[in-house]
file coords_33.csv (CSV, C-alpha atoms and all ligand atoms)
chain,number,residue,atom,x,y,z
A,8,MET,CA,0.0,0.0,0.0
A,9,SER,CA,1.5,3.3,-1.0
A,10,ILE,CA,0.8,7.0,-0.8
A,11,LEU,CA,1.1,9.5,-3.6
A,12,ILE,CA,2.0,13.1,-3.0
A,13,THR,CA,1.6,15.5,-5.9
A,14,GLY,CA,3.9,18.6,-5.7
A,15,GLY,CA,6.1,16.3,-3.6
A,16,ALA,CA,9.3,18.1,-4.5
A,17,GLY,CA,8.0,21.4,-3.2
A,18,PHE,CA,8.3,23.0,0.2
A,19,ILE,CA,5.3,21.4,2.0
A,20,GLY,CA,5.4,18.2,-0.1
A,21,VAL,CA,8.9,17.3,1.1
A,22,ASN,CA,7.9,17.8,4.8
A,23,LEU,CA,4.8,15.6,4.3
A,24,ALA,CA,6.9,12.9,2.6
A,25,LYS,CA,9.4,12.9,5.4
A,26,ARG,CA,6.7,12.3,8.0
A,27,PHE,CA,5.2,9.5,6.0
A,28,VAL,CA,8.6,7.9,5.7
A,29,THR,CA,8.9,7.9,9.4
A,30,GLU,CA,5.6,6.0,9.5
A,31,ASN,CA,7.2,3.4,7.2
A,32,LYS,CA,4.9,4.2,4.3
A,33,ARG,CA,5.9,3.8,0.7
A,34,VAL,CA,5.8,7.2,-0.8
A,35,TYR,CA,5.7,8.4,-4.5
A,36,LEU,CA,6.3,12.0,-5.3
A,37,LEU,CA,4.8,13.4,-8.5
A,38,ASP,CA,6.2,16.8,-9.6
A,39,ASN,CA,7.0,18.5,-12.8
A,40,LEU,CA,9.8,20.4,-10.9
A,41,CYS,CA,8.6,23.8,-12.2
A,42,ARG,CA,9.0,25.2,-8.6
A,43,GLY,CA,10.1,22.1,-6.6
A,44,SER,CA,13.6,20.8,-6.7
A,45,LEU,CA,15.3,17.4,-6.6
A,46,LYS,CA,17.7,19.0,-4.1
A,47,ASN,CA,14.8,19.0,-1.6
A,48,ILE,CA,14.4,15.3,-1.7
A,49,TYR,CA,18.0,14.2,-2.3
A,50,ARG,CA,18.4,12.6,1.2
A,51,LEU,CA,15.0,10.8,1.1
A,52,SER,CA,15.8,9.5,-2.4
A,53,LEU,CA,19.3,8.3,-1.3
A,54,GLN,CA,17.6,6.3,1.5
A,55,GLY,CA,15.4,4.7,-1.1
A,56,ALA,CA,12.5,6.0,1.0
A,57,VAL,CA,10.7,7.8,-1.7
A,58,GLU,CA,10.4,7.6,-5.5
A,59,VAL,CA,10.2,10.7,-7.6
A,60,ILE,CA,8.3,10.7,-10.8
A,61,GLN,CA,8.7,13.8,-13.0
A,62,VAL,CA,5.4,14.4,-14.7
A,63,ASP,CA,3.3,17.4,-15.5
A,64,LEU,CA,-0.1,16.8,-14.0
A,65,HIS,CA,-1.6,19.1,-16.5
A,66,ASN,CA,-1.0,16.4,-19.1
A,67,TYR,CA,-3.7,13.9,-18.4
A,68,ASN,CA,-2.5,11.0,-20.5
A,69,LYS,CA,1.1,11.1,-19.2
A,70,SER,CA,-0.1,11.4,-15.7
A,71,LEU,CA,-2.6,8.5,-16.1
A,72,SER,CA,0.2,6.4,-17.5
A,73,ALA,CA,2.7,7.2,-14.7
A,74,ILE,CA,0.1,6.7,-11.9
A,75,SER,CA,-1.3,3.5,-13.4
A,76,GLN,CA,2.2,2.1,-13.5
A,77,ILE,CA,2.6,2.6,-9.7
A,78,ASP,CA,-0.8,1.3,-8.9
A,79,ARG,CA,-0.2,-1.9,-10.9
A,80,ASN,CA,2.8,-2.7,-8.7
A,81,GLU,CA,1.5,-1.4,-5.3
A,82,GLU,CA,-2.0,-0.4,-4.5
A,83,ILE,CA,-2.2,3.4,-4.0
A,84,THR,CA,-4.5,4.1,-1.0
A,85,GLU,CA,-4.1,7.8,-0.5
A,86,VAL,CA,-3.5,10.8,-2.7
A,87,TRP,CA,-2.3,14.1,-1.1
A,88,HIS,CA,-2.7,16.7,-3.8
A,89,LEU,CA,-0.2,19.6,-3.2
A,90,ALA,CA,0.8,20.5,-6.7
A,91,ALA,CA,-0.3,24.0,-7.7
A,92,ASN,CA,1.0,27.3,-8.7
A,93,SER,CA,2.4,28.9,-5.5
A,94,ASP,CA,3.2,32.3,-7.1
A,95,ILE,CA,0.0,34.4,-6.6
A,96,PRO,CA,1.2,37.5,-8.4
A,97,ALA,CA,2.3,35.5,-11.4
A,98,GLY,CA,-1.2,34.0,-11.6
A,99,THR,CA,-2.7,37.4,-11.4
A,100,ASN,CA,-0.7,38.6,-14.4
A,101,ASP,CA,-1.5,35.4,-16.4
A,102,SER,CA,-4.6,33.5,-15.5
A,103,GLU,CA,-3.5,30.5,-17.6
A,104,ILE,CA,-1.0,29.7,-14.8
A,105,ASP,CA,-3.6,29.0,-12.1
A,106,LEU,CA,-6.0,27.3,-14.6
A,107,ARG,CA,-3.2,24.9,-15.6
A,108,ASP,CA,-1.3,24.2,-12.4
A,109,THR,CA,-3.9,24.8,-9.7
A,110,PHE,CA,-7.2,23.7,-11.2
A,111,MET,CA,-6.3,21.3,-14.1
A,112,THR,CA,-3.9,19.4,-11.9
A,113,THR,CA,-6.8,18.8,-9.4
A,114,TYR,CA,-9.3,18.0,-12.2
A,115,ASN,CA,-6.9,15.4,-13.8
A,116,ILE,CA,-5.8,13.7,-10.6
A,117,ILE,CA,-9.4,13.2,-9.5
A,118,ARG,CA,-10.3,11.7,-12.9
A,119,ILE,CA,-7.4,9.4,-12.6
A,120,MET,CA,-8.3,8.4,-9.1
A,121,ARG,CA,-11.8,7.4,-10.4
A,122,ILE,CA,-10.3,5.2,-13.1
A,123,LEU,CA,-7.9,3.5,-10.6
A,124,ASP,CA,-10.6,3.4,-7.8
A,125,ILE,CA,-8.5,5.3,-5.3
A,126,LYS,CA,-10.9,6.5,-2.6
A,127,PHE,CA,-9.0,8.9,-0.2
A,128,PHE,CA,-8.0,12.4,-1.3
A,129,ALA,CA,-6.4,15.2,0.8
A,130,PHE,CA,-6.2,18.7,-0.7
A,131,ALA,CA,-4.0,21.7,0.0
A,132,SER,CA,-6.4,24.6,-0.1
A,133,THR,CA,-5.9,28.1,1.1
A,134,SER,CA,-7.2,31.1,3.1
A,135,ALA,CA,-7.3,32.8,-0.3
A,136,VAL,CA,-10.7,31.1,-1.1
A,137,TYR,CA,-12.3,33.5,1.5
A,138,GLY,CA,-11.3,36.7,-0.4
A,139,ASP,CA,-10.9,39.9,1.4
A,140,ARG,CA,-13.1,39.8,4.5
A,141,GLY,CA,-11.3,42.4,6.6
A,142,ASN,CA,-11.6,41.7,10.3
A,143,GLU,CA,-14.3,39.1,10.0
A,144,SER,CA,-13.6,35.8,11.6
A,145,LEU,CA,-13.2,33.2,8.9
A,146,VAL,CA,-15.3,30.1,9.7
A,147,GLU,CA,-15.4,27.1,7.3
A,148,THR,CA,-19.1,27.6,6.8
A,149,LEU,CA,-18.7,31.3,5.7
A,150,GLY,CA,-20.2,32.2,2.3
A,151,PRO,CA,-20.5,33.3,-0.4
A,152,LEU,CA,-16.8,32.8,-1.0
A,153,LEU,CA,-15.5,35.5,-3.3
A,154,PRO,CA,-11.7,35.2,-3.8
A,155,ILE,CA,-9.7,38.2,-5.1
A,156,SER,CA,-6.9,36.3,-6.9
A,157,ASN,CA,-7.0,33.7,-9.7
A,158,TYR,CA,-5.1,31.5,-7.4
A,159,GLY,CA,-7.9,31.6,-4.8
A,160,ALA,CA,-10.5,31.2,-7.5
A,161,MET,CA,-8.9,28.1,-8.9
A,162,LYS,CA,-8.5,26.6,-5.4
A,163,LEU,CA,-12.2,27.3,-4.8
A,164,ALA,CA,-13.1,25.7,-8.1
A,165,SER,CA,-10.9,22.7,-7.1
A,166,GLU,CA,-12.8,22.4,-3.8
A,167,ALA,CA,-16.1,22.4,-5.7
A,168,PHE,CA,-14.9,19.6,-8.1
A,169,ILE,CA,-13.6,17.6,-5.1
A,170,SER,CA,-17.0,17.9,-3.4
A,171,ALA,CA,-18.8,16.6,-6.5
A,172,ALA,CA,-16.3,13.7,-6.7
A,173,VAL,CA,-17.3,12.6,-3.2
A,174,GLU,CA,-20.9,12.4,-4.3
A,175,SER,CA,-19.9,10.1,-7.2
A,176,PHE,CA,-17.0,8.0,-6.0
A,177,LEU,CA,-14.5,9.2,-3.4
A,178,ASP,CA,-15.0,7.8,0.2
A,179,THR,CA,-13.0,10.7,1.9
A,180,ALA,CA,-11.9,14.1,0.9
A,181,LEU,CA,-10.0,16.3,3.4
A,182,ILE,CA,-9.8,19.9,2.3
A,183,PHE,CA,-7.3,21.8,4.4
A,184,ARG,CA,-7.3,25.6,4.1
A,185,PHE,CA,-3.7,26.6,4.9
A,186,PRO,CA,-2.7,30.0,6.2
A,187,ASN,CA,0.8,31.2,5.3
A,188,VAL,CA,3.0,28.3,5.9
A,189,ILE,CA,6.7,28.8,6.8
A,190,GLY,CA,9.8,26.7,7.5
A,191,MET,CA,12.3,24.7,5.5
A,192,PRO,CA,13.1,24.2,2.6
A,193,GLY,CA,11.7,27.6,1.9
A,194,THR,CA,11.0,28.2,-1.8
A,195,HIS,CA,8.9,31.3,-1.7
A,196,GLY,CA,7.0,33.7,0.6
A,197,VAL,CA,7.6,36.9,2.5
A,198,ILE,CA,10.4,35.7,4.8
A,199,TYR,CA,12.3,34.1,1.9
A,200,ASP,CA,11.9,37.4,-0.1
A,201,PHE,CA,13.0,39.6,2.7
A,202,ILE,CA,16.1,37.6,3.4
A,203,GLY,CA,17.0,37.6,-0.3
A,204,LYS,CA,16.5,41.4,-0.5
A,205,LEU,CA,18.4,42.2,2.7
A,206,LYS,CA,21.4,40.0,1.7
A,207,GLU,CA,21.7,42.1,-1.5
A,208,SER,CA,21.2,45.6,-0.1
A,209,ARG,CA,22.5,45.0,3.6
A,210,SER,CA,21.7,48.5,4.7
A,211,TYR,CA,18.0,48.7,4.0
A,212,LEU,CA,15.0,46.4,3.4
A,213,GLU,CA,12.3,47.5,1.0
A,214,VAL,CA,8.8,46.3,1.9
A,215,LEU,CA,5.9,46.1,-0.5
A,216,GLY,CA,3.0,48.0,1.0
A,217,ASP,CA,2.9,49.9,4.3
A,218,GLY,CA,3.7,46.9,6.5
A,219,THR,CA,0.2,46.8,8.2
A,220,GLN,CA,-0.9,43.6,6.4
A,221,GLN,CA,-1.6,41.1,9.1
A,222,LYS,CA,-2.0,37.4,8.6
A,223,SER,CA,-1.7,34.0,10.3
A,224,TYR,CA,1.6,32.1,9.9
A,225,LEU,CA,2.0,28.4,10.7
A,226,HIS,CA,5.2,26.5,10.9
A,227,VAL,CA,5.2,23.6,8.5
A,228,SER,CA,5.8,21.1,11.3
A,229,ASP,CA,2.5,22.2,12.9
A,230,LEU,CA,0.7,22.0,9.6
A,231,ILE,CA,1.8,18.4,9.0
A,232,ASP,CA,0.9,17.5,12.5
A,233,ALA,CA,-2.6,18.9,12.0
A,234,MET,CA,-3.2,17.1,8.7
A,235,LEU,CA,-2.0,13.7,9.9
A,236,HIS,CA,-4.1,14.2,13.1
A,237,VAL,CA,-7.2,14.8,11.0
A,238,ARG,CA,-6.4,11.8,8.7
A,239,ASP,CA,-6.2,9.5,11.7
A,240,LEU,CA,-9.7,10.5,12.7
A,241,ASN,CA,-11.0,8.4,9.8
A,242,TYR,CA,-13.6,10.8,8.5
A,243,SER,CA,-15.7,9.9,5.5
A,244,GLY,CA,-17.3,12.3,3.0
A,245,VAL,CA,-16.1,15.8,2.4
A,246,ASN,CA,-14.5,17.7,5.3
A,247,VAL,CA,-13.1,21.2,5.3
A,248,PHE,CA,-10.7,22.5,7.9
A,249,ASN,CA,-9.0,25.8,8.5
A,250,VAL,CA,-5.5,25.1,9.8
A,251,GLY,CA,-3.9,28.0,11.6
A,252,PRO,CA,-2.4,29.3,14.8
A,253,ASN,CA,-4.5,30.4,17.8
A,254,ASP,CA,-3.9,34.1,17.3
A,255,GLU,CA,-4.7,37.0,15.0
A,256,GLY,CA,-1.4,36.7,13.1
A,257,ILE,CA,1.6,39.0,12.7
A,258,THR,CA,2.0,42.1,10.6
A,259,VAL,CA,4.4,42.4,7.7
A,260,LYS,CA,6.2,45.1,9.8
A,261,GLY,CA,6.7,42.5,12.6
A,262,ILE,CA,8.2,40.0,10.1
A,263,ALA,CA,10.5,42.7,8.5
A,264,GLU,CA,11.7,43.7,12.0
A,265,GLU,CA,12.5,40.0,12.9
A,266,VAL,CA,14.4,39.5,9.6
A,267,VAL,CA,16.4,42.7,10.2
A,268,ARG,CA,17.0,41.8,13.8
A,269,GLN,CA,18.5,38.4,12.9
A,270,LEU,CA,20.3,39.3,9.8
A,271,CYS,CA,21.4,43.0,9.7
A,272,PRO,CA,20.3,44.8,12.9
A,273,ASP,CA,21.4,48.2,11.7
A,274,ALA,CA,19.4,48.1,8.4
A,275,ARG,CA,16.6,50.5,7.8
A,276,ILE,CA,13.1,49.3,6.8
A,277,VAL,CA,11.6,51.2,3.9
A,278,TYR,CA,7.9,50.8,3.5
A,279,GLY,CA,5.8,51.4,0.4
A,280,ASN,CA,2.3,52.7,0.1
A,281,GLY,CA,-1.1,51.1,0.7
A,282,ASN,CA,-1.9,47.9,2.6
A,283,LYS,CA,-1.5,45.5,-0.2
A,284,GLY,CA,1.8,44.0,-1.4
A,285,TRP,CA,0.4,43.1,-4.9
A,286,VAL,CA,-2.9,42.8,-6.8
A,287,GLY,CA,-4.8,39.9,-5.2
A,288,ASP,CA,-3.0,40.2,-1.9
A,289,VAL,CA,-5.5,39.9,1.0
A,290,PRO,CA,-4.2,42.5,3.5
A,291,LYS,CA,-5.8,40.9,6.6
A,292,PHE,CA,-7.3,37.6,7.5
A,293,ARG,CA,-8.3,36.1,10.8
A,294,TYR,CA,-8.9,32.4,11.0
A,295,ASN,CA,-11.4,30.7,13.2
A,296,ASN,CA,-9.7,27.5,14.2
A,297,ASP,CA,-12.5,26.1,16.5
A,298,LYS,CA,-13.5,23.2,14.3
A,299,LEU,CA,-10.0,21.8,14.2
A,300,ARG,CA,-9.3,22.5,17.8
A,301,ALA,CA,-12.5,20.7,18.8
A,302,THR,CA,-10.9,17.5,17.3
A,303,GLY,CA,-8.2,17.8,19.9
A,304,TRP,CA,-5.4,19.5,17.9
A,305,SER,CA,-3.7,22.7,18.8
A,306,PRO,CA,-0.6,24.3,17.2
A,307,SER,CA,2.6,24.3,19.2
A,308,MET,CA,3.6,27.8,18.1
A,309,SER,CA,2.1,31.3,17.7
A,310,SER,CA,2.5,33.2,14.4
A,311,GLU,CA,5.2,35.2,16.0
A,312,GLU,CA,7.1,32.1,17.3
A,313,ALA,CA,6.8,30.4,13.9
A,314,VAL,CA,8.2,33.5,12.2
A,315,ARG,CA,11.1,33.7,14.6
A,316,LEU,CA,11.9,30.0,14.1
A,317,ALA,CA,11.5,30.1,10.3
A,318,VAL,CA,13.8,33.2,9.9
A,319,GLY,CA,16.5,31.4,11.9
A,320,GLU,CA,16.1,28.2,9.9
A,321,LEU,CA,16.3,30.0,6.6
A,322,LEU,CA,19.3,32.1,7.6
A,323,ARG,CA,21.2,29.0,8.7
A,324,THR,CA,20.8,27.3,5.3
A,325,SER,CA,20.9,30.2,2.9
A,401,LIG,N1,3.2,27.7,1.4
A,401,LIG,C1,2.1,28.3,1.8
A,401,LIG,O1,2.1,29.3,2.5
A,401,LIG,C2,0.7,27.8,1.3
A,401,LIG,C3,-0.4,28.5,1.7
A,401,LIG,C4,-1.7,28.0,1.2
A,401,LIG,C5,-1.7,26.9,0.4
A,401,LIG,N2,-0.6,26.3,0.0
A,401,LIG,C6,-0.7,25.2,-0.9
A,401,LIG,O2,0.1,24.1,-0.5
A,401,LIG,C7,0.6,23.4,-1.6
A,401,LIG,C8,2.1,23.3,-1.5
A,401,LIG,O3,2.7,24.6,-1.5
A,401,LIG,P1,4.2,24.9,-1.4
A,401,LIG,O4,4.3,26.1,-0.5
A,401,LIG,O5,4.9,23.6,-1.0
A,401,LIG,O6,4.6,25.3,-2.8
A,401,LIG,P2,5.7,24.8,-3.8
A,401,LIG,O7,5.7,25.6,-5.0
A,401,LIG,O8,7.0,24.7,-3.1
A,401,LIG,O9,5.2,23.3,-4.2
A,401,LIG,C9,4.3,23.1,-5.2
A,401,LIG,C10,4.8,22.0,-6.1
A,401,LIG,O10,3.9,21.7,-7.1
A,401,LIG,C11,4.7,21.4,-8.3
A,401,LIG,N3,3.8,21.7,-9.5
A,401,LIG,C12,3.2,22.8,-9.9
A,401,LIG,N4,2.5,22.7,-11.0
A,401,LIG,C13,2.6,21.3,-11.3
A,401,LIG,C14,2.1,20.5,-12.4
A,401,LIG,N5,1.4,21.1,-13.4
A,401,LIG,N6,2.5,19.2,-12.4
A,401,LIG,C15,3.2,18.7,-11.4
A,401,LIG,N7,3.7,19.4,-10.4
A,401,LIG,C16,3.5,20.7,-10.3
A,401,LIG,C17,5.8,22.4,-8.2
A,401,LIG,O11,7.0,22.0,-9.0
A,401,LIG,C18,6.2,22.4,-6.7
A,401,LIG,O12,7.1,21.4,-6.4
A,401,LIG,C19,0.1,24.2,-2.9
A,401,LIG,O13,-1.1,23.5,-3.3
A,401,LIG,C20,-0.2,25.5,-2.3
A,401,LIG,O14,-1.2,26.2,-3.1
A,401,LIG,C21,0.6,26.7,0.4
call {"tool": "encode", "arguments": {"input": "coords_33.csv", "output": "structure tokens"}}
result
Amino acid sequence: MSILITGGAGFIGVNLAKRFVTENKRVYLLDNLCRGSLKNIYRLSLQGAVEVIQVDLHNYNKSLSAISQIDRNEEITEVWHLAANSDIPAGTNDSEIDLRDTFMTTYNIIRIMRILDIKFFAFASTSAVYGDRGNESLVETLGPLLPISNYGAMKLASEAFISAAVESFLDTALIFRFPNVIGMPGTHGVIYDFIGKLKESRSYLEVLGDGTQQKSYLHVSDLIDAMLHVRDLNYSGVNVFNVGPNDEGITVKGIAEEVVRQLCPDARIVYGNGNKGWVGDVPKFRYNNDKLRATGWSPSMSSEEAVRLAVGELLRTS
């Protein structure tokens, strides 16, 4: 029995794969390496613990052939679908990107699962499906959902397709709405960008927007704990969970100050205008975590603690 992780060479996929390996699961990682990297999985591959299959999930026939091959040898019992475009501004400039990498990858993998009779599906969704709700507390039952980025729109369309698949053939679909996830191996995101910028300029750090954007940050170790905790509850049907810290998040100003403190304490922080970093950026969101916490899970870190840890981790390895 084996587990398939799409987007498995990316930031979160690698962390999930490591955890499954410690549970002695056989893990297959599907990735087209457009953003992920073989470097991320080098150790796991050397141990023979995972197998990487380079395939573009946007290509239905090639994906069907690759996945059928695995299933013929070892029954696939779970699919964890993490492949997607993770560059929100890029998807705003070119809507094809999210259609292709965020929605069509979901559409294709679900069609393939139906053919191969694989019944368990876990999905990496996002707070971006809620759109810009200001200070409103985001509960899983909130609606109507009106995303403000193509990324959020294609994740929401994916959720809808997954829900329909549960009606027709899936036993279980777990939809996890992630906040901002941070940790190693960082491939993108605000901390990664700030460190890159500050290493170049050393004396100043330029911030997109006025720094008042305030969001929830979760360390990747807590995210994986939460997802595996929910999986072990053996739900059936479609289940949606916000996964986040138990706080109202941290501001971009707070993150910039932490990066400066750990990397170049004398650097100045130069803020831009307005409370959005880019078109499609949700300036504030506040998760309601009650549903997940009622199942007995709680994060080990606050947003601030997760940021402090992730800045240190990224600095040590970059
Ligand atoms: N990191 C976050 O803060 C965050 C927040 C919310 C949701 N998510 C979701 O979590 C998942 C993982 O994100 P991540 O941060 O690890 O990003 P990532 O970019 O590091 O990983 C995504 C992986 O998907 C692969 N991929 C993209 N298009 C593909 C395609 N057509 N075929 C095959 N592989 C493809 C990429 O090469 C990459 O390795 C994504 O679905 C993302 O939308 C992440």
call {"tool": "atom_distance", "arguments": {"input": "coords_33.csv", "atom1": "atom CA of A:Val28", "atom2": "atom N6 of ligand LIG 401 (chain A)"}}
result
22.2 Å
call {"tool": "residues_around", "arguments": {"input": "coords_33.csv", "residues": "stretch 178-190 of chain A", "least_positions_apart": "5", "cutoff": "9 Å", "atoms": "all atoms listed in the file", "output": "PyMOL selection string"}}
result
chain A and resi 18-19+125-136+147+166+169-170+172-173+196+198+222-228+230+234+237-238+241-252+292+294+313-314+316-318+320-321
call {"tool": "residues_near_ligand", "arguments": {"input": "coords_33.csv", "ligand": "ligand LIG 401 (chain A)", "cutoff": "6 Å", "atoms": "only C-alpha atoms and all ligand atoms", "output": "ChimeraX atom specification"}}
result
/A:14-20,38-43,62-65,89-93,108,112,131-133,185-188,194
call {"tool": "closest_residue", "arguments": {"input": "coords_33.csv", "among": "A:Thr99, A:Asn31, A:Ser305, A:Gln61", "to": "A:Leu45", "atoms": "only C-alpha atoms"}}
result
A:Gln61
call {"tool": "atom_distance", "arguments": {"input": "coords_33.csv", "atom1": "atom CA of A:Leu205", "atom2": "atom CA of A:Gly281"}}
result
21.5 Å
call {"tool": "build_atoms", "arguments": {"input": "coords_33.csv", "residues": "stretch 223-232 of chain A", "atoms": "all heavy atoms", "output": "PDB file, in the coordinates of the input"}}
result
ATOM      1  N   SER A 223      -2.087  35.147   9.427  1.00  0.00           N
ATOM      2  CA  SER A 223      -1.700  34.000  10.300  1.00  0.00           C
ATOM      3  C   SER A 223      -0.533  33.265   9.628  1.00  0.00           C
ATOM      4  O   SER A 223      -0.572  32.985   8.424  1.00  0.00           O
ATOM      5  CB  SER A 223      -2.850  33.018  10.371  1.00  0.00           C
ATOM      6  OG  SER A 223      -3.967  33.629  10.916  1.00  0.00           O
ATOM      7  N   TYR A 224       0.432  32.908  10.430  1.00  0.00           N
ATOM      8  CA  TYR A 224       1.600  32.100   9.900  1.00  0.00           C
ATOM      9  C   TYR A 224       1.682  30.846  10.769  1.00  0.00           C
ATOM     10  O   TYR A 224       1.578  30.876  12.003  1.00  0.00           O
ATOM     11  CB  TYR A 224       2.876  32.941  10.080  1.00  0.00           C
ATOM     12  CG  TYR A 224       2.938  34.023   9.035  1.00  0.00           C
ATOM     13  CD1 TYR A 224       2.233  35.207   9.210  1.00  0.00           C
ATOM     14  CD2 TYR A 224       3.631  33.844   7.850  1.00  0.00           C
ATOM     15  CE1 TYR A 224       2.226  36.192   8.237  1.00  0.00           C
ATOM     16  CE2 TYR A 224       3.642  34.821   6.869  1.00  0.00           C
ATOM     17  CZ  TYR A 224       2.931  35.990   7.069  1.00  0.00           C
ATOM     18  OH  TYR A 224       2.921  36.953   6.092  1.00  0.00           O
ATOM     19  N   LEU A 225       1.889  29.744  10.058  1.00  0.00           N
ATOM     20  CA  LEU A 225       2.000  28.400  10.700  1.00  0.00           C
ATOM     21  C   LEU A 225       3.282  27.780  10.318  1.00  0.00           C
ATOM     22  O   LEU A 225       3.618  27.757   9.119  1.00  0.00           O
ATOM     23  CB  LEU A 225       0.789  27.581  10.306  1.00  0.00           C
ATOM     24  CG  LEU A 225       0.566  26.297  11.083  1.00  0.00           C
ATOM     25  CD1 LEU A 225       0.089  26.600  12.506  1.00  0.00           C
ATOM     26  CD2 LEU A 225      -0.482  25.417  10.397  1.00  0.00           C
ATOM     27  N   HIS A 226       3.982  27.230  11.297  1.00  0.00           N
ATOM     28  CA  HIS A 226       5.200  26.500  10.900  1.00  0.00           C
ATOM     29  C   HIS A 226       4.800  25.195  10.266  1.00  0.00           C
ATOM     30  O   HIS A 226       3.823  24.551  10.659  1.00  0.00           O
ATOM     31  CB  HIS A 226       6.065  26.232  12.175  1.00  0.00           C
ATOM     32  CG  HIS A 226       7.447  25.807  11.802  1.00  0.00           C
ATOM     33  ND1 HIS A 226       7.798  24.482  11.647  1.00  0.00           N
ATOM     34  CD2 HIS A 226       8.559  26.530  11.504  1.00  0.00           C
ATOM     35  CE1 HIS A 226       9.078  24.412  11.293  1.00  0.00           C
ATOM     36  NE2 HIS A 226       9.560  25.643  11.196  1.00  0.00           N
ATOM     37  N   VAL A 227       5.598  24.796   9.263  1.00  0.00           N
ATOM     38  CA  VAL A 227       5.200  23.600   8.500  1.00  0.00           C
ATOM     39  C   VAL A 227       5.134  22.355   9.361  1.00  0.00           C
ATOM     40  O   VAL A 227       4.320  21.465   9.093  1.00  0.00           O
ATOM     41  CB  VAL A 227       6.220  23.424   7.289  1.00  0.00           C
ATOM     42  CG1 VAL A 227       7.633  23.091   7.752  1.00  0.00           C
ATOM     43  CG2 VAL A 227       5.704  22.401   6.304  1.00  0.00           C
ATOM     44  N   SER A 228       5.905  22.299  10.451  1.00  0.00           N
ATOM     45  CA  SER A 228       5.800  21.100  11.300  1.00  0.00           C
ATOM     46  C   SER A 228       4.436  21.027  11.970  1.00  0.00           C
ATOM     47  O   SER A 228       3.860  19.938  12.079  1.00  0.00           O
ATOM     48  CB  SER A 228       6.913  21.169  12.411  1.00  0.00           C
ATOM     49  OG  SER A 228       6.829  22.396  13.106  1.00  0.00           O
ATOM     50  N   ASP A 229       3.873  22.169  12.352  1.00  0.00           N
ATOM     51  CA  ASP A 229       2.500  22.200  12.900  1.00  0.00           C
ATOM     52  C   ASP A 229       1.481  21.816  11.854  1.00  0.00           C
ATOM     53  O   ASP A 229       0.503  21.118  12.129  1.00  0.00           O
ATOM     54  CB  ASP A 229       2.194  23.572  13.498  1.00  0.00           C
ATOM     55  CG  ASP A 229       2.623  23.699  14.968  1.00  0.00           C
ATOM     56  OD1 ASP A 229       2.806  22.662  15.626  1.00  0.00           O
ATOM     57  OD2 ASP A 229       2.759  24.842  15.447  1.00  0.00           O
ATOM     58  N   LEU A 230       1.700  22.317  10.645  1.00  0.00           N
ATOM     59  CA  LEU A 230       0.700  22.000   9.600  1.00  0.00           C
ATOM     60  C   LEU A 230       0.665  20.500   9.316  1.00  0.00           C
ATOM     61  O   LEU A 230      -0.423  19.921   9.225  1.00  0.00           O
ATOM     62  CB  LEU A 230       1.170  22.715   8.259  1.00  0.00           C
ATOM     63  CG  LEU A 230       0.301  22.361   7.056  1.00  0.00           C
ATOM     64  CD1 LEU A 230      -0.966  23.194   7.032  1.00  0.00           C
ATOM     65  CD2 LEU A 230       1.053  22.529   5.742  1.00  0.00           C
ATOM     66  N   ILE A 231       1.832  19.870   9.229  1.00  0.00           N
ATOM     67  CA  ILE A 231       1.800  18.400   9.000  1.00  0.00           C
ATOM     68  C   ILE A 231       1.198  17.667  10.120  1.00  0.00           C
ATOM     69  O   ILE A 231       0.408  16.745   9.915  1.00  0.00           O
ATOM     70  CB  ILE A 231       3.301  17.916   8.714  1.00  0.00           C
ATOM     71  CG1 ILE A 231       4.017  18.730   7.632  1.00  0.00           C
ATOM     72  CG2 ILE A 231       3.321  16.411   8.399  1.00  0.00           C
ATOM     73  CD1 ILE A 231       3.514  18.597   6.247  1.00  0.00           C
ATOM     74  N   ASP A 232       1.517  18.091  11.355  1.00  0.00           N
ATOM     75  CA  ASP A 232       0.900  17.500  12.500  1.00  0.00           C
ATOM     76  C   ASP A 232      -0.633  17.521  12.418  1.00  0.00           C
ATOM     77  O   ASP A 232      -1.328  16.535  12.673  1.00  0.00           O
ATOM     78  CB  ASP A 232       1.257  18.220  13.819  1.00  0.00           C
ATOM     79  CG  ASP A 232       2.608  17.793  14.353  1.00  0.00           C
ATOM     80  OD1 ASP A 232       3.143  16.773  13.889  1.00  0.00           O
ATOM     81  OD2 ASP A 232       3.126  18.517  15.232  1.00  0.00           O
TER      82      ASP A 232
END
